[in-house]
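Worksheet for the structure shown next.
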Amino acid sequence: MKNIVSQQWLLDNLSKEDLIILDVRGDLNEPDLGFREYKKSHIIGAQFVNLEETMTGELGIHGGRHPLPNMEKFIEDMKMLGVNDDSIIVIYDSGDLAIAGRLWWLLKYIGKSDVFILEGGMKKWLDNNPEVTSEVVKPEPSNSLSLNVDYSMQVDMRYVKAAIDSNSTAIVDSRASERYSGEIEPIDRVAGHIPNALNYPWMNLVSDGQIMSIEDLINYFEPLKKFEEVIVHCGSGITGTVNILFMEEIGLNPKLYVGGYSDWVSYEDNPVVEKNK
């Protein structure tokens, strides 16, 4: 796969000069969990990146729960980790790929190439019993990292609203099926989904760190190939990146609605398909 590296690949390349390993473990409901786990043990050379502090911007009335960070600040944060234009970046989380997907997407968004996610994450790494460390890395900051934002990778609420009646655009809702259907809604003010959105739950792609094969991915996303455009969203721009990651593996070129459903329902006049309606 072009965006994912195996555990063996990372073992074989740990000493590679341009390699930057980023640990993004965390929990959306417990923001400090990731760093606590990092301090206990992590892959040798890995540096910790916090979702809320580095991958999320300032909250507002609109924009969702995890708006994009200021890109110039994001660049500076990456430079402090030693990332430069020649860096090969491997990102890992606990294994479900959600937070790793967010950082992968952000780095692609600023124009960074050679960005990969570690298949199986830290859980699989520990299962294989390779050497780990509790030493907190103190990197040498980078002098330069280019900012070449690819604005075509994302869309906003107005763009999505204009697309809901389009026969050529698929709007993909990455949330769990019970949230899509409106049976439950633990976070947002209205339960349901954006009109005409198709439900492709992100968690279907990864089971206990095991990812779908290319063949299964092709079959899974086959219905989307008839559309000229695919827009992906989730609740707030985190887990939807897992769908984007694997869509790209099979040749789709999706856009991310970063604000997601939490942004959509922040506008009271936006339509929502509620349960049994």
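Each chain of the structure tokens is named A, B, ... in the order shown, its residues numbered from 1; ligands are numbered from 1 in display order.
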Can you check which parts of segment 178-259 of chain A lie within 10 Å of segment 82-98 of chain A? Per residue, the shortest pair of atoms and distance in Å to one decimal, counting only C-alpha atoms, sorted by chain and number, as a tab-separated table.
```
residue	atom	partner	partner_atom	distance
A:Trp202	CA	A:Ala98	CA	8.6
A:Met203	CA	A:Asp96	CA	7.7
A:Leu205	CA	A:Asp96	CA	9.0
A:Val206	CA	A:Asp96	CA	6.1
A:Ser207	CA	A:Asp96	CA	7.5
A:Asp208	CA	A:Gly95	CA	7.1
A:Gly209	CA	A:Gly95	CA	4.7
A:Gln210	CA	A:Gly95	CA	8.2
A:Ile211	CA	A:Asp96	CA	8.9
A:Gly237	CA	A:Ala98	CA	9.8
A:Ile238	CA	A:Ala98	CA	6.2
A:Thr239	CA	A:Ala98	CA	4.8
A:Gly240	CA	A:Ala98	CA	7.8
A:Thr241	CA	A:Ala98	CA	6.9
A:Val242	CA	A:Ala98	CA	5.9
A:Asn243	CA	A:Ala98	CA	9.4
A:Leu245	CA	A:Leu97	CA	9.4
```
Any chance you could tabulate, as a Markdown table, the residues of segment 17-105 of chain A at most 10 Å from segment 148-164 of chain A with each one's nearest atom pair and distance in Å to one decimal, using only C-alpha atoms, in chain and rising number order?
```
| residue | atom | partner | partner_atom | distance |
| --- | --- | --- | --- | --- |
| A:His62 | CA | A:Met157 | CA | 9.6 |
| A:Gly63 | CA | A:Met157 | CA | 8.6 |
| A:Met71 | CA | A:Val149 | CA | 8.3 |
| A:Trp105 | CA | A:Met153 | CA | 9.0 |
```
12 Å contact set for Val136 of chain A, only C-alpha atoms, chain neighbours under 6 positions out, as a list in words: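 Using only C-alpha atoms, the neighbours found are Asp23, Phe35, Arg36, Glu37, Tyr38, Lys39, Lys40, Ser41, His42, Ile43, Ile44, Gly45, Ala46, Gln47 and Phe48 of chain A.
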Based on the selection just made, write N, CA, C and O atoms of those residues as a PDB file, in the first residue's frame.
```pdb
ATOM      1  N   ASP A  23       4.304   9.735  17.277  1.00  0.00           N
ATOM      2  CA  ASP A  23       3.348   8.994  18.103  1.00  0.00           C
ATOM      3  C   ASP A  23       2.149   9.904  18.360  1.00  0.00           C
ATOM      4  O   ASP A  23       2.283  10.953  18.982  1.00  0.00           O
ATOM      5  N   PHE A  35      -0.379  11.016  25.871  1.00  0.00           N
ATOM      6  CA  PHE A  35       0.943  11.389  26.372  1.00  0.00           C
ATOM      7  C   PHE A  35       1.332  10.547  27.576  1.00  0.00           C
ATOM      8  O   PHE A  35       2.505  10.218  27.754  1.00  0.00           O
ATOM      9  N   ARG A  36       0.349  10.170  28.385  1.00  0.00           N
ATOM     10  CA  ARG A  36       0.650   9.282  29.511  1.00  0.00           C
ATOM     11  C   ARG A  36       1.170   7.941  29.010  1.00  0.00           C
ATOM     12  O   ARG A  36       2.147   7.394  29.551  1.00  0.00           O
ATOM     13  N   GLU A  37       0.547   7.429  27.952  1.00  0.00           N
ATOM     14  CA  GLU A  37       1.005   6.167  27.384  1.00  0.00           C
ATOM     15  C   GLU A  37       2.376   6.326  26.727  1.00  0.00           C
ATOM     16  O   GLU A  37       3.231   5.438  26.825  1.00  0.00           O
ATOM     17  N   TYR A  38       2.579   7.458  26.071  1.00  0.00           N
ATOM     18  CA  TYR A  38       3.871   7.716  25.434  1.00  0.00           C
ATOM     19  C   TYR A  38       4.988   7.718  26.464  1.00  0.00           C
ATOM     20  O   TYR A  38       6.069   7.152  26.233  1.00  0.00           O
ATOM     21  N   LYS A  39       4.754   8.344  27.611  1.00  0.00           N
ATOM     22  CA  LYS A  39       5.787   8.417  28.647  1.00  0.00           C
ATOM     23  C   LYS A  39       6.104   7.035  29.246  1.00  0.00           C
ATOM     24  O   LYS A  39       7.210   6.806  29.710  1.00  0.00           O
ATOM     25  N   LYS A  40       5.135   6.141  29.200  1.00  0.00           N
ATOM     26  CA  LYS A  40       5.382   4.781  29.686  1.00  0.00           C
ATOM     27  C   LYS A  40       6.282   4.021  28.720  1.00  0.00           C
ATOM     28  O   LYS A  40       7.267   3.403  29.133  1.00  0.00           O
ATOM     29  N   SER A  41       5.930   4.051  27.461  1.00  0.00           N
ATOM     30  CA  SER A  41       6.739   3.366  26.444  1.00  0.00           C
ATOM     31  C   SER A  41       6.316   3.817  25.050  1.00  0.00           C
ATOM     32  O   SER A  41       5.139   4.109  24.809  1.00  0.00           O
ATOM     33  N   HIS A  42       7.284   3.862  24.172  1.00  0.00           N
ATOM     34  CA  HIS A  42       7.026   4.211  22.779  1.00  0.00           C
ATOM     35  C   HIS A  42       8.141   3.651  21.911  1.00  0.00           C
ATOM     36  O   HIS A  42       9.171   3.184  22.409  1.00  0.00           O
ATOM     37  N   ILE A  43       7.939   3.692  20.622  1.00  0.00           N
ATOM     38  CA  ILE A  43       8.950   3.221  19.676  1.00  0.00           C
ATOM     39  C   ILE A  43      10.170   4.125  19.772  1.00  0.00           C
ATOM     40  O   ILE A  43      10.056   5.342  19.906  1.00  0.00           O
ATOM     41  N   ILE A  44      11.327   3.515  19.731  1.00  0.00           N
ATOM     42  CA  ILE A  44      12.578   4.267  19.866  1.00  0.00           C
ATOM     43  C   ILE A  44      12.640   5.373  18.811  1.00  0.00           C
ATOM     44  O   ILE A  44      12.439   5.132  17.621  1.00  0.00           O
ATOM     45  N   GLY A  45      12.897   6.592  19.275  1.00  0.00           N
ATOM     46  CA  GLY A  45      13.011   7.739  18.385  1.00  0.00           C
ATOM     47  C   GLY A  45      11.707   8.471  18.130  1.00  0.00           C
ATOM     48  O   GLY A  45      11.712   9.549  17.527  1.00  0.00           O
ATOM     49  N   ALA A  46      10.595   7.907  18.594  1.00  0.00           N
ATOM     50  CA  ALA A  46       9.300   8.533  18.330  1.00  0.00           C
ATOM     51  C   ALA A  46       9.106   9.786  19.175  1.00  0.00           C
ATOM     52  O   ALA A  46       9.537   9.855  20.329  1.00  0.00           O
ATOM     53  N   GLN A  47       8.422  10.769  18.592  1.00  0.00           N
ATOM     54  CA  GLN A  47       8.064  12.000  19.288  1.00  0.00           C
ATOM     55  C   GLN A  47       6.548  12.085  19.382  1.00  0.00           C
ATOM     56  O   GLN A  47       5.848  11.666  18.460  1.00  0.00           O
ATOM     57  N   PHE A  48       6.070  12.646  20.469  1.00  0.00           N
ATOM     58  CA  PHE A  48       4.628  12.698  20.680  1.00  0.00           C
ATOM     59  C   PHE A  48       4.018  13.948  20.053  1.00  0.00           C
ATOM     60  O   PHE A  48       4.576  15.040  20.145  1.00  0.00           O
TER      61      PHE A  48
END
```
Strand (DSSP E or B) call set, DSSP backbone run, segment 131-263 of chain A, as a ChimeraX atom specification: /A:132-133,154-155,169-173,193,198-199,206-207,210-211,229-233,255-257
Each residue of segment 194-218 of chain A lying at most 12 Å from segment 263-277 of chain A should get a row with its shortest atom-to-atom pair and the distance in Å to one decimal, counting only C-alpha atoms; could you produce that, ordered by chain and increasing number, as a tab-separated table?
```
residue	atom	partner	partner_atom	distance
A:Ile194	CA	A:Val272	CA	5.2
A:Pro195	CA	A:Val273	CA	5.7
A:Asn196	CA	A:Val273	CA	8.5
A:Ala197	CA	A:Val273	CA	9.4
A:Leu198	CA	A:Val273	CA	11.8
```
Those same residues - N, CA and C atoms - I'd like them written as a JSON list (two decimals), in the first residue's frame.
```json
[["chain", "number", "residue", "atom", "x", "y", "z"],
["A", 194, "ILE", "N", -26.73, 14.18, 7.09],
["A", 194, "ILE", "CA", -26.90, 15.12, 5.99],
["A", 194, "ILE", "C", -27.73, 14.46, 4.89],
["A", 195, "PRO", "N", -28.69, 15.14, 4.32],
["A", 195, "PRO", "CA", -29.53, 14.54, 3.27],
["A", 195, "PRO", "C", -28.69, 13.93, 2.14],
["A", 196, "ASN", "N", -29.09, 12.73, 1.74],
["A", 196, "ASN", "CA", -28.48, 11.97, 0.64],
["A", 196, "ASN", "C", -27.08, 11.46, 0.94],
["A", 197, "ALA", "N", -26.60, 11.63, 2.17],
["A", 197, "ALA", "CA", -25.29, 11.08, 2.51],
["A", 197, "ALA", "C", -25.35, 9.55, 2.55],
["A", 198, "LEU", "N", -24.25, 8.92, 2.15],
["A", 198, "LEU", "CA", -24.12, 7.47, 2.16],
["A", 198, "LEU", "C", -23.27, 7.07, 3.36]]
```
DSSP helix (DSSP H, G or I) residues within segment 1-238 of chain A, listed as a ChimeraX atom specification: /A:7-13,33-40,51-54,71-80,98-109,121-127,151-153,157-163,177-180,202-205,214-220,222-226
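Proximity to Asn29 of chain A at 12 Å, evaluated using only C-alpha atoms and with sequence-adjacent residues fewer than 6 positions away removed, yields Leu51, Glu52, Pro186 and Ile187 of chain A.
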Residue with smallest distance to Asp18 of chain A - pool A:Ser134, A:Ser213, A:Glu178, A:Ser142, counting only C-alpha atoms: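 Closest residue, counting only C-alpha atoms: A:Ser142.
From atom CA of Asn70 of chain A back to atom CA of Asp114 of chain A, the distance works out to 22.0 Å.
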Ala191 of chain A surroundings by only C-alpha atoms, 8 Å radius, close-in-sequence under 4 positions cut, as a list in words: Arg179, Tyr180, Ser181, Gly182, Glu183, Ile184, Glu185, Glu274 and Lys275 of chain A
Would you save the residues of that selection, restricted to all heavy atoms, as a CSV table (one decimal), in the first residue's frame?
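As a result, selection_18.csv now contains:
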```csv
chain,number,residue,atom,x,y,z
A,179,ARG,N,-25.3,6.3,14.6
A,179,ARG,CA,-25.3,7.8,14.6
A,179,ARG,C,-25.8,8.3,13.3
A,179,ARG,O,-26.6,9.3,13.2
A,179,ARG,CB,-23.9,8.3,14.9
A,179,ARG,CG,-23.4,8.0,16.3
A,179,ARG,CD,-22.1,8.7,16.6
A,179,ARG,NE,-22.2,10.2,16.6
A,179,ARG,CZ,-21.2,11.0,16.7
A,179,ARG,NH1,-19.9,10.5,16.7
A,179,ARG,NH2,-21.3,12.3,16.8
A,180,TYR,N,-25.5,7.7,12.2
A,180,TYR,CA,-25.9,8.0,10.9
A,180,TYR,C,-27.5,7.9,10.8
A,180,TYR,O,-28.2,8.8,10.3
A,180,TYR,CB,-25.3,7.1,9.8
A,180,TYR,CG,-25.9,7.2,8.4
A,180,TYR,CD1,-25.5,8.2,7.5
A,180,TYR,CD2,-26.9,6.3,8.0
A,180,TYR,CE1,-26.1,8.3,6.3
A,180,TYR,CE2,-27.4,6.4,6.8
A,180,TYR,CZ,-27.1,7.4,5.9
A,180,TYR,OH,-27.6,7.4,4.6
A,181,SER,N,-28.0,6.8,11.3
A,181,SER,CA,-29.5,6.6,11.3
A,181,SER,C,-30.3,7.5,12.2
A,181,SER,O,-31.5,7.6,12.1
A,181,SER,CB,-29.8,5.1,11.6
A,181,SER,OG,-29.5,4.9,13.0
A,182,GLY,N,-29.6,8.1,13.2
A,182,GLY,CA,-30.2,8.9,14.2
A,182,GLY,C,-30.7,8.2,15.4
A,182,GLY,O,-31.4,8.8,16.2
A,183,GLU,N,-30.3,6.9,15.5
A,183,GLU,CA,-30.8,6.1,16.7
A,183,GLU,C,-30.1,6.7,18.0
A,183,GLU,O,-30.8,6.7,19.0
A,183,GLU,CB,-30.4,4.7,16.5
A,183,GLU,CG,-31.1,4.0,15.4
A,183,GLU,CD,-30.6,2.6,15.2
A,183,GLU,OE1,-30.3,1.9,16.2
A,183,GLU,OE2,-30.6,2.1,14.0
A,184,ILE,N,-28.9,7.1,17.9
A,184,ILE,CA,-28.2,7.7,19.0
A,184,ILE,C,-27.4,8.9,18.5
A,184,ILE,O,-27.1,9.0,17.4
A,184,ILE,CB,-27.2,6.7,19.7
A,184,ILE,CG1,-26.1,6.4,18.8
A,184,ILE,CG2,-28.0,5.5,20.2
A,184,ILE,CD1,-24.9,5.6,19.5
A,185,GLU,N,-27.2,9.8,19.4
A,185,GLU,CA,-26.3,11.0,19.2
A,185,GLU,C,-25.7,11.4,20.5
A,185,GLU,O,-26.3,12.2,21.2
A,185,GLU,CB,-27.0,12.1,18.4
A,185,GLU,CG,-26.1,13.3,18.1
A,185,GLU,CD,-24.7,12.8,17.5
A,185,GLU,OE1,-24.8,12.2,16.4
A,185,GLU,OE2,-23.7,13.0,18.2
A,274,GLU,N,-33.6,12.8,10.1
A,274,GLU,CA,-33.7,12.3,11.4
A,274,GLU,C,-34.3,10.9,11.4
A,274,GLU,O,-34.8,10.4,10.3
A,274,GLU,CB,-34.5,13.2,12.3
A,274,GLU,CG,-33.9,14.6,12.4
A,274,GLU,CD,-34.8,15.5,13.3
A,274,GLU,OE1,-35.0,15.1,14.5
A,274,GLU,OE2,-35.1,16.6,12.9
A,275,LYS,N,-34.2,10.2,12.5
A,275,LYS,CA,-34.7,8.8,12.5
A,275,LYS,C,-36.2,8.7,12.1
A,275,LYS,O,-37.0,9.5,12.5
A,275,LYS,CB,-34.6,8.3,14.0
A,275,LYS,CG,-34.9,6.8,14.2
A,275,LYS,CD,-34.8,6.4,15.6
A,275,LYS,CE,-35.2,4.9,15.7
A,275,LYS,NZ,-35.0,4.4,17.2
```
From A:Lys123, A:Ser146, A:Gly101, A:Pro254, residue lying nearest Phe74 of chain A [only C-alpha atoms]: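 Using only C-alpha atoms, Phe74 of chain A sits closest to A:Ser146.
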